[in-house]
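Heads up, the thing below is written out as structure tokens.
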Amino acid sequence: MKNTYSHLTIVVASVFLYGCASFEFPSMFDKGSKEVPRYGKAAVHYQCENYQSFGLKLSENGEEAWVMLPDHEMNLSRDANDKQLYHYGTMDLHLNGDQTTLDDSDHLHLKGCKPERAKK
């Protein structure tokens, strides 16, 4: 009887430890958010400083830009004087290669945004 309890204890402990191996404790030291982009194949994913990101889809003629943020999307129009600048209200998108910026004078300031390179 004592031998049965010891075998049963070993089996229960093994199952418990196996379950603990698949559990991941949340890290309190991660900086920023690491959202998973779901922008679709037609959009370009931009990774910015401080783990922030957004998706961008330009219209065929380049006159409009759809900016896709984790919580909403917005349509920006191209500036008449600067062809790399898109804006809507207080939101400005300045396309500049690996130094693209997305700025809303109120609360959103994304800088140093780099387009994700196509995976081969």
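Labels used: A, B, ... for chains in the order of the structure tokens, numbers from 1 for residues in each chain, and numbers from 1 for ligands as shown.
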DSSP helix (DSSP H, G or I) residues within range 41-102 of chain A, as a PyMOL selection string
chain A and resi 49-51+97-99
How would the residues just picked look written out with C-alpha atoms as a compact mmCIF listing (two decimals), in the first residue's frame?
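So result.txt came out as:
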# COMPACT_ATOMS: atom_id res chain seq x y z
CA GLU A 49 11.12 53.26 -31.53
CA ASN A 50 9.84 52.08 -28.13
CA TYR A 51 8.20 48.92 -29.58
CA GLY A 97 12.60 55.85 -45.38
CA ASP A 98 13.88 54.51 -42.05
CA GLN A 99 13.07 57.81 -40.32
Spatial neighbours of Leu76 in chain A, max dist 7 Å, only C-alpha atoms, sep filter under 2 positions, as a count of residues only:
8
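Using only C-alpha atoms, the nearest neighbour of Glu60 in chain A within the list A:Pro115, A:Ala42, A:Gly89, A:Leu102 is A:Ala42.
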Expressed in Å, the length from CA of Arg117 in chain A to CA of Val44 in chain A is 8.8 Å
In Å to one decimal, how far is CA of Asp82 in chain A from CA of Lys114 in chain A?
20.0 Å
Could you give me, as a list of chain:residue names, the residues within 10 Å of Asn96 in chain A, counting only C-alpha atoms and dropping anything in the same chain fewer than 5 positions from it?
A:Gln84, A:Leu85, A:Thr101, A:Gly112, A:Cys113, A:Lys114
Requested write-out: N, CA, C and O atoms of the selected residues, as a PDB file, in the first residue's frame:
ATOM      1  N   GLN A  84       5.775  63.815 -49.697  1.00  0.00           N
ATOM      2  CA  GLN A  84       6.064  62.801 -48.674  1.00  0.00           C
ATOM      3  C   GLN A  84       5.275  63.031 -47.390  1.00  0.00           C
ATOM      4  O   GLN A  84       5.434  62.301 -46.423  1.00  0.00           O
ATOM      5  N   LEU A  85       4.423  64.049 -47.381  1.00  0.00           N
ATOM      6  CA  LEU A  85       3.657  64.402 -46.189  1.00  0.00           C
ATOM      7  C   LEU A  85       2.179  64.126 -46.417  1.00  0.00           C
ATOM      8  O   LEU A  85       1.604  64.538 -47.426  1.00  0.00           O
ATOM      9  N   THR A 101       7.934  59.343 -39.660  1.00  0.00           N
ATOM     10  CA  THR A 101       7.308  59.781 -38.415  1.00  0.00           C
ATOM     11  C   THR A 101       5.796  59.852 -38.581  1.00  0.00           C
ATOM     12  O   THR A 101       5.284  60.170 -39.659  1.00  0.00           O
ATOM     13  N   GLY A 112      11.281  57.444 -35.869  1.00  0.00           N
ATOM     14  CA  GLY A 112      12.253  56.406 -36.198  1.00  0.00           C
ATOM     15  C   GLY A 112      11.588  55.143 -36.710  1.00  0.00           C
ATOM     16  O   GLY A 112      12.060  54.041 -36.448  1.00  0.00           O
ATOM     17  N   CYS A 113      10.516  55.285 -37.454  1.00  0.00           N
ATOM     18  CA  CYS A 113       9.752  54.129 -37.944  1.00  0.00           C
ATOM     19  C   CYS A 113      10.393  53.580 -39.209  1.00  0.00           C
ATOM     20  O   CYS A 113      10.662  54.312 -40.160  1.00  0.00           O
ATOM     21  N   LYS A 114      10.611  52.283 -39.216  1.00  0.00           N
ATOM     22  CA  LYS A 114      11.247  51.617 -40.342  1.00  0.00           C
ATOM     23  C   LYS A 114      10.275  50.622 -40.945  1.00  0.00           C
ATOM     24  O   LYS A 114       9.645  49.856 -40.224  1.00  0.00           O
TER      25      LYS A 114
END
Interatomic distance (Å, one decimal) between CA of Leu69 in chain A and CA of Gly55 in chain A
6.6 Å
Contacts of Ser105 in chain A within 10 Å, only C-alpha atoms, excl. fewer than 6 positions in-chain, as a list of chain:residue names:
A:Gly89, A:Thr90, A:Met91, A:Asp92
